[in-house]
Each structure stands twice: as C-alpha cells, then as structure tokens.
Amino acid sequence: MTATTGPTVLEPDGRAPIRDPEPARGTFVHDTLVVFRRAMRISLRNPVWSIMGLLQPVLYLSLFGPLLEPLAPALGAANAYQLFVPGLLVQLGMFGARFVGFGLIAEWRDGVIESERVTPAPRSALVLGRVLRDVLVILVQGVVLVATAFLFGLDAPLGGIALGIVSAALLGAAFASLSYAVALTLKSEDALAPLLNGIALPLLLLSGILLPITAASAPSWLNHLSDVNPLKHIVSGIRAEFAGDITSSTALWGYGLTVVLVGLGLWFGTRTFRNEDG
Amino acid sequence: MIHARGLARTYHSRRGDVDAVRGVDLDVAAGEIVGFLGPNGAGKTTTLRMLTTLLAPTRGEATVAGIDLRRNPGGVRRRIGYVAQSGSTSGAARAGEEVIDHALLYGVPRSEAAARGRELFGQLELDGLWDRKCSTLSGGQRRRLDIAMGLVHIPQLVFLDEPTTGLDPQARANLWVHVRALRDDRGSTVFLTTHYLEEADALCDRILVIDHGSIVAEGTPEELKQRVSGDAVVLTATRPNDIARLVAISGALPGAGAPTVDGTVVEVRVPAGRTLLAGLLRALDADGIELAGVELRRPTLDDVFLTLTGRSLRDGEPPDGPVDRTATSDGAAA
C-alpha cells in the first residue's frame with residue numbers, strides 16, 4: 001500500500017473510502033500473454049490431447065476421403081479433396097475446441113480459476129489467453145491435416161488454403177470460448193459432454209461438411225434448415241477459398257460469420273468469468 | 001484495514017431465497033490476526049468471498065485495504081492476497097511456474113517474481129520442489145504452495161480460508177508459525193477462517209464468531225472465554241451413594257450453577273474455581289466423601305461457542321475435513 005492508503009485516511013470510522021491512487025495498468029495484452037504462455041506450457045507437456053484432436057479428421061481423410069473421389073464430378077468439383085478438406089477443417093475447429101472445457105473444469109476444481117479471478121487481471125485476458133492457446137493448437141493441427149491431404153491428392157491454391165486454416169482456427173476460438181463458458185457454468189464433466197455433443201452434432205451435420213447440402217442434393221426442408229446454420233456458410237466460404245475465389249461473396253460471408261461467432265464466443269466466455277458465481 | 005457494514009448475501013434457488021450471510025459488521029485493524037470462527041455453513045466462506053471481490057454482496061458496504069469494495073473491486077484485488085479453501089494450483093503445472101505466473105498477473109516483473117517465489121519456497125519449507133508437478137506434492141506441501149501463491153505479490157492484507165483443513169497436527173502447527181511470521185516479520189494483516197478452536201485460540205489476536213450468517217460475538221480469545229460463566233469443577237465420586245451429598249455441597253459453593261450429574265461424575269460451574277477448590281476439598285473430606293478424581297477445567301472456545309449458540313462447534317464439523325482434490329486427472333486439453 002502506498003502512503004495515501006494508510007489506515008490514517010480511514011480511521012477511526014472508515015467513512016471516506018479513498019479513490020484508487022494507482023489506476024488500473026494497461027494490462028490486457030500482458031495478462032493475456034501470461035495466461036496464454038501458462039496454458040501452452042501445460043499443453044505442450046501433455047500433448048496427448050492435441051494429438052487425439054488431430055486423429056479424428058485424419059481418420060476421416062484417409063478412411064472416408066477416398067470414397068468421395070469418384071463422386072467429385074457429380075458434386076461439381078474437379079478434386080474431391082478440395083471439397084472435403086474444408087469440411088474437415090471446420091470439423092477440426094469445432095471438435096478440437098469443443099472439449100477444452102473439460103480442462104477448464106479440472107482447473108476450476110483445483111482452484112485455479114478462483115485464484116486467477118482474485119488477481120487484478122482483466123477477466124477477458126483470462127479467457128483470451130486460453131483461447132489463443134487453443135487457436136494455436138488448431139492452426140498446427142490444420143497444417144498437419146492439409147499436408148496429409150496433399151499426400152492423398154489435394155490440389156488447391158496455397159493462399160486459399162492458408163485462409164481456410166485461419167478460418168478454422170478462428171472458428172475454434174469461438175467454440176473454445178463457448179466451451180469455457182458452458183464448462184464454468186455447469187462445473188461438471190457429466191453435464192458438459194452431452195450438452196456439447198447435443199449442440200455440436202446437429203450443427204455439424206447441418207453444415208454439409210461431408211457432402212455439400214444444396215438445393216440440388218438435399219430435400220428443400222433440409223436445405224432451408226441448413227441455411228440458418230452459420231457453419232454451412234463458413235464451410236462454403238472455405239470451399240470457395242480452396243477453389244481460389246478468396247474475394248467471392250461466398251468467401252466474404254464466411255469471413256464475416258466467422259468473425260461474428262468469435263466475437264459472440266469471447267463475449268460469452270468473458271461474461272462467465274466475470275460472473276459473480278463463476 | 002477492513003470495515004464492513006451490513007454485508008449480506010442471499011442466494012436465490014428454486015426452493016426460495018437462502019440468506020447465507022445476513023448482515024455482517026466487522027472491523028479489522030492493520031497488523032491484526034483476526035480469526036473468523038464458525039461451523040460449516042455458518043457463512044464464513046461466503047463472507048470471505050465477498051470481501052475478496054469473488055462474490056458481489058446483495059446488501060451492505062465494505063472498504064477493504066482502504067478501497068471501496070463495490071465501487072473499485074479491481075483496486076481491492078491489487079492490494080490483497082487470498083488463499084482459497086479449494087487450492088490454487090493446477091495439478092498439471094509445475095510449482096514454481098504457477099507462483100511466477102500468479103505474480104505476473106499482479107504486475108510483478110518476472111525476475112522479481114522468481115526471486116520472491118524462491119524466497120517463499122525457502123520460508124515455507126518447499127525447498128527443492130520448484131520444478132515439481134503440483135499433482136505430485138503432498139497435501140501439506142500443496143497447501144503451503146497455495147500460501148506462497150497468495151503471498152508472492154506481498155499483499156498488506158491476506159485472507160486465508162481454512163488454511164489448515166486437511167493437514168495433520170504437525171503440519172498445522174507448522175503453518176501457524178508461518179502465519180504469525182506474516183504479521184511479525186512483514187507487518188501484514190491476516191484474516192483467516194477456521195472451524196478449529198485450538199487454531200483460533202493459538203493464532204488469533206481477536207476472534208469473530210459467526211453463526212447462521214450473523215456475527216454472534218467478538219473479542220480476544222480470553223475475553224470470549226470470560227463470557228462463559230466461570231470454570232468447571234469436575235468431581236468423580238468413588239461410591240455412587242455419595243453423589244447426592246456431592247451435589248449438595250458443590251451446589252452450595254458461592255456463585256455456583258446447578259450441578260450436573262453423569263454417572264459418578266458431578267460437574268459444577270463456579271466463578272474463579274481455583275480459589276474455591278482447596279476449601280471444597282476440605283469440606284468433602286470432613287463429610288467423609290471419597291473422591292476418585294478432581295478436575296478444574298478452564299473454559300475453552302468450545303464452551304464459548306456452546307454458550308453463544310447453544311450447540312457445540314464440533315457438531316457442525318463435516319465427517320471429513322480435507323478438501324476434495326481427487327476428481328479428474330491432469331487438465332491439459334487442446
């Protein structure tokens with residue numbers, strides 16, 4: 001405490017609460033990086049989860065991808081993997097980030113969240129630092145996934161691929177934030193898993209990641225239903241990017257919706273960390 | 001250092017509102033070690049969570065470390081340290097890194113954070129554990145690590161929530177030494193909750209007793225004990241048919257309360273029991289009553305609690321003390 005905060009200011013009755021003599025530092029970036037580095041360090045020491053997260057899309061790529069090869073012309077693509085890998089990237093972003101909430105529940109149980117909330121660090125930094133770790137993990141996983149897809153015969157422009165991977169990672173940021181917020185609200189793995197699956201699976205099926213959902217390929221009710229799913233437009237956007245149309249309206253819609261989802265996710269996550277009952 | 005007026009917290013649940021804390025007034029001066037005593041569920045932790053900004057009060061005002069709790073929780077956070085009941089370190093992280101990261105969130109420069117952390121490890125007898133994974137530490141080590149976490153930014157006011165719950169007696173006594181050193185060596189103010197009476201008695205300059213969400217008494221341990229009417233004289237008769245005369249004689253002592261009988265044991269409360277004991281024994285001897293034992297019991301804080309609340313503090317203890325740290329393994333995920 002500085003001299004101005006000494007008890008003499010308050011005694012004997014404490015009726016004059018003093019103004020904070022040292023206003024909040026600009027700590028957002030600093031504290032975000034502290035939380036990020038801590039989370040990254042813990043993940044790197046135990047990379048099993050990151051490897052498991054990559055396993056699912058790689059299995060889809062190798063065990064399901066070849067089935068699509070003869071179908072590609074009928075779906076309007078020259079290269080089946082140009083159609084399929086964007087879907088897998090979205091799946092990676094969603095499923096990779098979905099379960100980060102489990103790690104957060106373990107941290108909450110260890111008292112870590114409470115001990116961070118009692119520091120002056122901005123609540124948004126506590127969320128964003130962790131989300132940045134998740135984004136970085138998904139970026140690396142996305143690169144590995146695309147590199148594997150090249151082995152299977154993916155053919156797409158590098159700029160589009162880069163944008164696609166970044167989009168997937170940003171989508172991962174949105175779902176990671178959501179996962180943190182829900183985890184900290186429920187505080188129970190048993191409740192978190194069915195809830196996240198209940199949200200993620202219909203969203204995923206309605207996004208056309210395996211087979212595109214179009215007016216031609218789907219019954220109209222299914223097509224209309226999928227149209228209200230932002231993920232469908234994000235997948236379409238990444239497909240456009242993989243086709244080289246990085247400034248087409250489809251791609252722009254994809255970028256826009258991705259950014260909106262990230263904003264919503266971080267807002268929700270920060271609100272939960274700020275919540276008095278967090 | 002702390003001034004609270006009418007601090008209250010009501011939880012809303014489907015079964016109606018629950019007043020966890022009904023309106024607490026408390027004052028803690030700089031340099032005091034104050035114990036917050038009460039059975040589980042009395043409102044200790046809720047009060048502590050309000051004072052440390054983790055829970056918004058439903059009603060009431062408080063200044064903590066000179067800062068208005070409601071208007072500037074961030075200012076309060078910068079000035080206090082908090083050692084939560086539930087721990088503070090991730091089992092998957094390494095001890096030293098957790099302490100440094102915690103200090104960094106208070107704006108302590110990294111090199112200083114490392115130096116202070118190592119110093120605290122020395123003081124708290126955690127030498128050699130800097131690079132250990134937290135999940136491999138013993139319960140007592142991890143508790144002391146929690147305390148290092150709460151102190152690394154050198155707060156002037158430290159809140160400890162049940163710091164010794166789940167520790168063995170030796171580790172507990174050890175921790176008391178460290179808590180005293182906080183005040184004696186650093187001049188810190190310490191506010192701690194406990195449901196161990198001997199802890200409050202041994203450690204605290206002043207005690208606040210909370211029950212059912214309100215403070216029911218406060219004072220030094222001695223002052224509180226004096227509120228219990230006197231000492232207990234416990235007489236054990238050799239022959240059961242002496243009991244009636246034992247009751248009559250002991251009950252006739254000046255200022256005595258009504259004696260209670262349990263088998264061959266007669267207990268009576270008298271003011272200043274020491275001065276009466278010699279005379280009592282002579283009177284019993286003259287009456288031919290043979291005693292198997294005589295005991296003079298000074299009031300304990302448990303007696304205080306019983307007098308204040310009508311129940312023993314120990315009734316409120318949970319069947320097992322230790323904090324649950326068992327569930328789920330390492331939390332790293334991506």
# chains A, B, ... in the order shown; residues from 1 in each chain; ligands from 1
>>> residues_around(residues="A:Leu55", least_positions_apart="5", cutoff="12 Å", atoms="only C-alpha atoms", output="list in words")
Val48, Trp49, Ser50, Tyr60, Leu61, Ser62, Leu63, Leu88, Gln91, Leu92, Phe95, Gly96, Gln141, Gly142, Val144, Leu145 and Thr148 of chain A
>>> interface_residues(of="chain A", to="chain B", cutoff="6 Å", atoms="only C-alpha atoms", output="list of chain:residue names")
A:Thr5, A:Pro17, A:Asp31, A:Ile42, A:Ser43, A:Trp49, A:Ser50, A:Val100, A:Gly103, A:Ala106, A:Glu107, A:Asp110, A:Gly111, A:Val112, A:Ser115, A:Val118, A:Thr119, A:Pro120, A:Ala121, A:Asp134, A:Glu276
>>> residues_around(residues="stretch 173-179 of chain B", least_positions_apart="3", cutoff="9 Å", atoms="only C-alpha atoms", output="number ranges by chain")
B: 33, 123-124, 144, 163-164, 168-170, 182-184, 190, 199, 202-203
>>> write_last_selection(atoms="N, CA and C atoms", output="compact mmCIF listing (two decimals), in the first residue's frame")
# COMPACT_ATOMS: atom_id res chain seq x y z
N ILE B 33 -4.15 -10.25 13.55
CA ILE B 33 -4.52 -11.56 13.03
C ILE B 33 -5.92 -11.84 13.58
N GLN B 123 11.05 -20.09 2.92
CA GLN B 123 10.37 -19.83 4.19
C GLN B 123 9.31 -20.88 4.50
N LEU B 124 8.66 -21.36 3.47
CA LEU B 124 7.55 -22.31 3.69
C LEU B 124 8.01 -23.76 3.61
N ARG B 144 0.93 -25.38 1.45
CA ARG B 144 1.93 -24.32 1.63
C ARG B 144 2.22 -23.63 0.30
N PRO B 163 -7.02 -22.41 6.31
CA PRO B 163 -5.69 -22.74 5.79
C PRO B 163 -5.19 -24.12 6.20
N THR B 164 -5.66 -24.64 7.32
CA THR B 164 -5.07 -25.89 7.80
C THR B 164 -6.01 -27.08 7.71
N ASP B 168 -2.24 -32.65 8.88
CA ASP B 168 -2.03 -33.35 10.14
C ASP B 168 -1.58 -32.33 11.19
N PRO B 169 -1.68 -32.69 12.48
CA PRO B 169 -1.42 -31.72 13.54
C PRO B 169 -0.06 -31.05 13.43
N GLN B 170 0.95 -31.81 13.01
CA GLN B 170 2.28 -31.23 12.93
C GLN B 170 2.35 -30.17 11.83
N LEU B 182 3.95 -13.81 9.12
CA LEU B 182 3.41 -12.82 8.18
C LEU B 182 3.20 -11.49 8.88
N ARG B 183 2.64 -11.58 10.07
CA ARG B 183 2.37 -10.37 10.81
C ARG B 183 3.64 -9.83 11.46
N ASP B 184 4.39 -10.71 12.12
CA ASP B 184 5.54 -10.26 12.89
C ASP B 184 6.66 -9.74 11.99
N VAL B 190 -3.82 -10.25 8.80
CA VAL B 190 -4.27 -11.58 8.40
C VAL B 190 -5.70 -11.79 8.86
N GLU B 199 -7.00 -23.68 16.87
CA GLU B 199 -6.30 -22.82 15.92
C GLU B 199 -6.59 -21.36 16.19
N ALA B 202 -4.85 -20.38 19.43
CA ALA B 202 -3.39 -20.29 19.39
C ALA B 202 -2.89 -19.15 18.53
N LEU B 203 -3.66 -18.80 17.51
CA LEU B 203 -3.12 -17.97 16.44
C LEU B 203 -3.63 -16.53 16.46
>>> atom_distance(atom1="atom CA of B:Gly117", atom2="atom CA of B:Asp161")
21.0 Å
>>> select_by_dssp(residues="stretch 171-260 of chain A", states="alpha helix (DSSP H)", output="PyMOL selection string")
chain A and resi 171-186+189-205+220-227+230-242+249-260
>>> residues_around(residues="B:Leu37", least_positions_apart="5", cutoff="9 Å", atoms="only C-alpha atoms", output="PyMOL selection string")
chain B and resi 42+44+192-197+200+207-211
>>> residues_around(residues="A:Ala200", least_positions_apart="3", cutoff="9 Å", atoms="only C-alpha atoms", output="number ranges by chain")
A: 94-95, 98, 195-197, 203-205
>>> write_last_selection(atoms="N, CA and C atoms", output="PDB file, in the first residue's frame")
ATOM      1  N   MET A  94     -14.216 -27.138 -34.725  1.00  0.00           N
ATOM      2  CA  MET A  94     -15.309 -27.351 -33.770  1.00  0.00           C
ATOM      3  C   MET A  94     -14.965 -28.399 -32.727  1.00  0.00           C
ATOM      4  N   PHE A  95     -14.583 -29.583 -33.211  1.00  0.00           N
ATOM      5  CA  PHE A  95     -14.404 -30.696 -32.280  1.00  0.00           C
ATOM      6  C   PHE A  95     -13.120 -30.563 -31.485  1.00  0.00           C
ATOM      7  N   ARG A  98     -14.012 -28.043 -28.814  1.00  0.00           N
ATOM      8  CA  ARG A  98     -15.218 -28.276 -28.031  1.00  0.00           C
ATOM      9  C   ARG A  98     -14.884 -28.757 -26.618  1.00  0.00           C
ATOM     10  N   LEU A 195     -24.214 -32.012 -23.346  1.00  0.00           N
ATOM     11  CA  LEU A 195     -24.689 -30.714 -23.833  1.00  0.00           C
ATOM     12  C   LEU A 195     -23.913 -30.291 -25.078  1.00  0.00           C
ATOM     13  N   LEU A 196     -22.566 -30.423 -25.006  1.00  0.00           N
ATOM     14  CA  LEU A 196     -21.755 -30.001 -26.145  1.00  0.00           C
ATOM     15  C   LEU A 196     -22.030 -30.887 -27.354  1.00  0.00           C
ATOM     16  N   ASN A 197     -22.168 -32.197 -27.108  1.00  0.00           N
ATOM     17  CA  ASN A 197     -22.485 -33.075 -28.227  1.00  0.00           C
ATOM     18  C   ASN A 197     -23.838 -32.730 -28.813  1.00  0.00           C
ATOM     19  N   LEU A 203     -25.282 -29.198 -35.485  1.00  0.00           N
ATOM     20  CA  LEU A 203     -24.634 -28.104 -36.214  1.00  0.00           C
ATOM     21  C   LEU A 203     -23.714 -28.645 -37.293  1.00  0.00           C
ATOM     22  N   LEU A 204     -22.993 -29.702 -36.928  1.00  0.00           N
ATOM     23  CA  LEU A 204     -22.021 -30.275 -37.856  1.00  0.00           C
ATOM     24  C   LEU A 204     -22.723 -30.945 -39.031  1.00  0.00           C
ATOM     25  N   LEU A 205     -23.767 -31.735 -38.707  1.00  0.00           N
ATOM     26  CA  LEU A 205     -24.492 -32.438 -39.780  1.00  0.00           C
ATOM     27  C   LEU A 205     -25.170 -31.451 -40.715  1.00  0.00           C
TER      28      LEU A 205
END
>>> residues_around(residues="B:Gly251", least_positions_apart="5", cutoff="12 Å", atoms="only C-alpha atoms", output="PyMOL selection string")
chain B and resi 233+235+243-246+256-261+266-270+280
>>> write_last_selection(atoms="C-alpha atoms", output="PDB file, in the first residue's frame")
ATOM      1  CA  VAL B 233     -15.180 -28.172  38.636  1.00  0.00           C
ATOM      2  CA  LEU B 235     -15.684 -34.280  40.735  1.00  0.00           C
ATOM      3  CA  ILE B 243     -23.466 -38.456  44.730  1.00  0.00           C
ATOM      4  CA  ALA B 244     -26.398 -36.731  46.452  1.00  0.00           C
ATOM      5  CA  ARG B 245     -24.182 -35.172  49.133  1.00  0.00           C
ATOM      6  CA  LEU B 246     -21.600 -34.277  46.476  1.00  0.00           C
ATOM      7  CA  ALA B 256     -22.232 -21.977  41.707  1.00  0.00           C
ATOM      8  CA  GLY B 257     -24.596 -23.004  38.952  1.00  0.00           C
ATOM      9  CA  ALA B 258     -26.767 -26.104  39.108  1.00  0.00           C
ATOM     10  CA  PRO B 259     -24.515 -29.175  39.223  1.00  0.00           C
ATOM     11  CA  THR B 260     -24.952 -31.796  36.504  1.00  0.00           C
ATOM     12  CA  VAL B 261     -24.557 -35.497  37.187  1.00  0.00           C
ATOM     13  CA  VAL B 266     -20.581 -34.293  39.106  1.00  0.00           C
ATOM     14  CA  GLU B 267     -19.834 -31.084  37.238  1.00  0.00           C
ATOM     15  CA  VAL B 268     -20.493 -27.590  38.529  1.00  0.00           C
ATOM     16  CA  ARG B 269     -19.650 -24.162  37.133  1.00  0.00           C
ATOM     17  CA  VAL B 270     -18.213 -21.658  39.576  1.00  0.00           C
ATOM     18  CA  LEU B 280     -14.234 -27.560  48.661  1.00  0.00           C
TER      19      LEU B 280
END
>>> select_by_dssp(residues="stretch 146-256 of chain B", states="strand (DSSP E)", output="VMD selection string")
chain B and resid 157 to 161 189 to 194 206 to 211 214 to 219 231 to 237
>>> write_last_selection(atoms="C-alpha atoms", output="short mmCIF file (atom, residue, chain, number, x, y, z; two decimals), in the first residue's frame")
data_model
loop_
_atom_site.label_atom_id
_atom_site.label_comp_id
_atom_site.auth_asym_id
_atom_site.auth_seq_id
_atom_site.Cartn_x
_atom_site.Cartn_y
_atom_site.Cartn_z
CA LEU B 157 -3.83 -7.87 3.77
CA VAL B 158 -4.04 -11.65 3.49
CA PHE B 159 -7.22 -13.72 3.55
CA LEU B 160 -6.80 -17.39 4.44
CA ASP B 161 -9.82 -19.66 4.06
CA THR B 189 -2.82 -8.06 8.40
CA VAL B 190 -4.27 -11.58 8.40
CA PHE B 191 -7.92 -12.52 8.25
CA LEU B 192 -8.48 -16.25 8.46
CA THR B 193 -11.43 -18.56 8.77
CA THR B 194 -11.29 -21.75 10.73
CA ARG B 206 -9.08 -11.41 18.01
CA ILE B 207 -11.92 -13.73 17.10
CA LEU B 208 -15.22 -13.10 15.38
CA VAL B 209 -17.78 -15.83 15.88
CA ILE B 210 -20.30 -16.27 13.07
CA ASP B 211 -23.35 -18.46 13.23
CA SER B 214 -24.52 -13.29 11.60
CA ILE B 215 -21.67 -12.39 13.91
CA VAL B 216 -22.71 -13.51 17.37
CA ALA B 217 -19.62 -12.49 19.35
CA GLU B 218 -16.21 -10.92 19.05
CA GLY B 219 -13.22 -10.37 21.26
CA ASP B 231 -14.64 -22.62 35.44
CA ALA B 232 -15.96 -26.12 35.52
CA VAL B 233 -15.18 -28.17 38.64
CA VAL B 234 -15.47 -31.85 37.80
CA LEU B 235 -15.68 -34.28 40.73
CA THR B 236 -15.69 -38.05 40.35
CA ALA B 237 -17.08 -39.97 43.31
#
>>> residues_around(residues="A:Thr250", least_positions_apart="4", cutoff="9 Å", atoms="only C-alpha atoms", output="NGL selection string")
:A and (233-234 or 236-241 or 245-246 or 254-255)
>>> decode(residues="stretch 101-220 of chain A", atoms="C-alpha atoms", output="mmCIF file, in the first residue's frame")
data_model
loop_
_atom_site.group_PDB
_atom_site.id
_atom_site.type_symbol
_atom_site.label_atom_id
_atom_site.label_comp_id
_atom_site.auth_asym_id
_atom_site.auth_seq_id
_atom_site.Cartn_x
_atom_site.Cartn_y
_atom_site.Cartn_z
ATOM 1 C CA GLY A 101 -13.967 -27.001 -21.307
ATOM 2 C CA PHE A 102 -13.044 -30.295 -19.652
ATOM 3 C CA GLY A 103 -9.576 -28.994 -18.949
ATOM 4 C CA LEU A 104 -11.133 -25.860 -17.509
ATOM 5 C CA ILE A 105 -13.353 -27.852 -15.145
ATOM 6 C CA ALA A 106 -10.260 -29.667 -13.882
ATOM 7 C CA GLU A 107 -8.582 -26.287 -13.324
ATOM 8 C CA TRP A 108 -11.654 -24.950 -11.598
ATOM 9 C CA ARG A 109 -11.657 -27.950 -9.286
ATOM 10 C CA ASP A 110 -8.001 -27.309 -8.481
ATOM 11 C CA GLY A 111 -8.971 -23.737 -7.520
ATOM 12 C CA VAL A 112 -7.033 -22.161 -10.393
ATOM 13 C CA ILE A 113 -9.946 -20.154 -11.778
ATOM 14 C CA GLU A 114 -10.777 -18.685 -8.401
ATOM 15 C CA SER A 115 -7.169 -17.764 -7.735
ATOM 16 C CA GLU A 116 -6.967 -16.058 -11.137
ATOM 17 C CA ARG A 117 -10.223 -14.212 -10.571
ATOM 18 C CA VAL A 118 -8.896 -12.729 -7.357
ATOM 19 C CA THR A 119 -5.965 -11.137 -9.229
ATOM 20 C CA PRO A 120 -6.476 -7.761 -10.916
ATOM 21 C CA ALA A 121 -6.060 -9.361 -14.370
ATOM 22 C CA PRO A 122 -8.883 -8.398 -16.760
ATOM 23 C CA ARG A 123 -11.425 -11.221 -16.972
ATOM 24 C CA SER A 124 -11.232 -11.066 -20.765
ATOM 25 C CA ALA A 125 -7.490 -11.839 -20.543
ATOM 26 C CA LEU A 126 -8.193 -14.981 -18.519
ATOM 27 C CA VAL A 127 -10.412 -16.256 -21.351
ATOM 28 C CA LEU A 128 -8.477 -14.932 -24.326
ATOM 29 C CA GLY A 129 -5.141 -16.288 -23.108
ATOM 30 C CA ARG A 130 -6.579 -19.799 -23.046
ATOM 31 C CA VAL A 131 -8.397 -19.319 -26.353
ATOM 32 C CA LEU A 132 -5.150 -18.216 -28.017
ATOM 33 C CA ARG A 133 -3.561 -21.498 -26.925
ATOM 34 C CA ASP A 134 -6.472 -23.379 -28.497
ATOM 35 C CA VAL A 135 -6.199 -21.343 -31.706
ATOM 36 C CA LEU A 136 -2.501 -22.063 -31.994
ATOM 37 C CA VAL A 137 -3.080 -25.786 -31.458
ATOM 38 C CA ILE A 138 -5.756 -25.811 -34.175
ATOM 39 C CA LEU A 139 -3.502 -23.890 -36.566
ATOM 40 C CA VAL A 140 -0.796 -26.521 -36.180
ATOM 41 C CA GLN A 141 -3.332 -29.335 -36.478
ATOM 42 C CA GLY A 142 -4.781 -27.672 -39.611
ATOM 43 C CA VAL A 143 -1.359 -27.512 -41.238
ATOM 44 C CA VAL A 144 -0.734 -31.183 -40.472
ATOM 45 C CA LEU A 145 -4.178 -32.086 -41.802
ATOM 46 C CA VAL A 146 -3.698 -30.206 -45.066
ATOM 47 C CA ALA A 147 -0.199 -31.620 -45.512
ATOM 48 C CA THR A 148 -1.662 -35.110 -45.105
ATOM 49 C CA ALA A 149 -4.393 -34.243 -47.604
ATOM 50 C CA PHE A 150 -1.729 -33.336 -50.168
ATOM 51 C CA LEU A 151 -0.452 -36.906 -49.857
ATOM 52 C CA PHE A 152 -3.944 -38.099 -50.804
ATOM 53 C CA GLY A 153 -4.078 -35.807 -53.804
ATOM 54 C CA LEU A 154 -5.409 -32.446 -52.623
ATOM 55 C CA ASP A 155 -4.956 -29.739 -55.228
ATOM 56 C CA ALA A 156 -5.682 -26.166 -54.145
ATOM 57 C CA PRO A 157 -4.014 -22.710 -54.179
ATOM 58 C CA LEU A 158 -1.776 -22.062 -51.166
ATOM 59 C CA GLY A 159 -3.298 -18.646 -50.389
ATOM 60 C CA GLY A 160 -6.767 -20.159 -50.215
ATOM 61 C CA ILE A 161 -5.534 -22.993 -48.040
ATOM 62 C CA ALA A 162 -3.918 -20.544 -45.621
ATOM 63 C CA LEU A 163 -7.134 -18.545 -45.360
ATOM 64 C CA GLY A 164 -9.076 -21.771 -44.826
ATOM 65 C CA ILE A 165 -6.816 -22.873 -41.975
ATOM 66 C CA VAL A 166 -7.055 -19.441 -40.346
ATOM 67 C CA SER A 167 -10.856 -19.538 -40.666
ATOM 68 C CA ALA A 168 -10.925 -22.949 -38.997
ATOM 69 C CA ALA A 169 -8.709 -21.688 -36.186
ATOM 70 C CA LEU A 170 -10.965 -18.664 -35.637
ATOM 71 C CA LEU A 171 -13.970 -20.947 -35.573
ATOM 72 C CA GLY A 172 -12.047 -22.912 -32.984
ATOM 73 C CA ALA A 173 -11.692 -19.692 -30.947
ATOM 74 C CA ALA A 174 -15.457 -19.259 -30.980
ATOM 75 C CA PHE A 175 -16.136 -22.831 -29.906
ATOM 76 C CA ALA A 176 -13.378 -22.828 -27.310
ATOM 77 C CA SER A 177 -14.863 -19.706 -25.712
ATOM 78 C CA LEU A 178 -18.285 -21.306 -25.780
ATOM 79 C CA SER A 179 -16.888 -24.472 -24.256
ATOM 80 C CA TYR A 180 -15.200 -22.479 -21.455
ATOM 81 C CA ALA A 181 -18.333 -20.514 -20.733
ATOM 82 C CA VAL A 182 -20.545 -23.598 -20.588
ATOM 83 C CA ALA A 183 -17.964 -25.542 -18.572
ATOM 84 C CA LEU A 184 -17.669 -22.801 -15.965
ATOM 85 C CA THR A 185 -21.436 -22.567 -15.754
ATOM 86 C CA LEU A 186 -22.054 -26.306 -15.382
ATOM 87 C CA LYS A 187 -18.858 -27.221 -13.482
ATOM 88 C CA SER A 188 -19.458 -30.886 -14.245
ATOM 89 C CA GLU A 189 -17.948 -33.083 -16.925
ATOM 90 C CA ASP A 190 -21.008 -35.306 -16.822
ATOM 91 C CA ALA A 191 -23.259 -32.421 -17.795
ATOM 92 C CA LEU A 192 -20.827 -30.807 -20.231
ATOM 93 C CA ALA A 193 -20.284 -33.745 -22.585
ATOM 94 C CA PRO A 194 -23.925 -34.421 -23.573
ATOM 95 C CA LEU A 195 -24.689 -30.714 -23.833
ATOM 96 C CA LEU A 196 -21.755 -30.001 -26.145
ATOM 97 C CA ASN A 197 -22.485 -33.075 -28.227
ATOM 98 C CA GLY A 198 -26.129 -32.090 -28.373
ATOM 99 C CA ILE A 199 -25.171 -28.694 -29.789
ATOM 100 C CA ALA A 200 -22.240 -29.703 -31.950
ATOM 101 C CA LEU A 201 -23.564 -32.763 -33.744
ATOM 102 C CA PRO A 202 -26.658 -31.202 -35.373
ATOM 103 C CA LEU A 203 -24.634 -28.104 -36.214
ATOM 104 C CA LEU A 204 -22.021 -30.275 -37.856
ATOM 105 C CA LEU A 205 -24.492 -32.438 -39.780
ATOM 106 C CA LEU A 206 -26.371 -29.350 -40.963
ATOM 107 C CA SER A 207 -23.206 -27.690 -42.196
ATOM 108 C CA GLY A 208 -22.613 -30.089 -45.074
ATOM 109 C CA ILE A 209 -19.047 -30.870 -44.166
ATOM 110 C CA LEU A 210 -19.105 -34.388 -45.570
ATOM 111 C CA LEU A 211 -21.387 -33.788 -48.530
ATOM 112 C CA PRO A 212 -22.436 -30.268 -49.528
ATOM 113 C CA ILE A 213 -26.091 -29.522 -48.757
ATOM 114 C CA THR A 214 -27.529 -27.732 -51.786
ATOM 115 C CA ALA A 215 -30.919 -27.248 -53.413
ATOM 116 C CA ALA A 216 -29.920 -29.996 -55.851
ATOM 117 C CA SER A 217 -28.566 -32.520 -53.360
ATOM 118 C CA ALA A 218 -30.997 -32.179 -50.457
ATOM 119 C CA PRO A 219 -34.748 -32.056 -49.837
ATOM 120 C CA SER A 220 -35.833 -28.441 -49.593
#
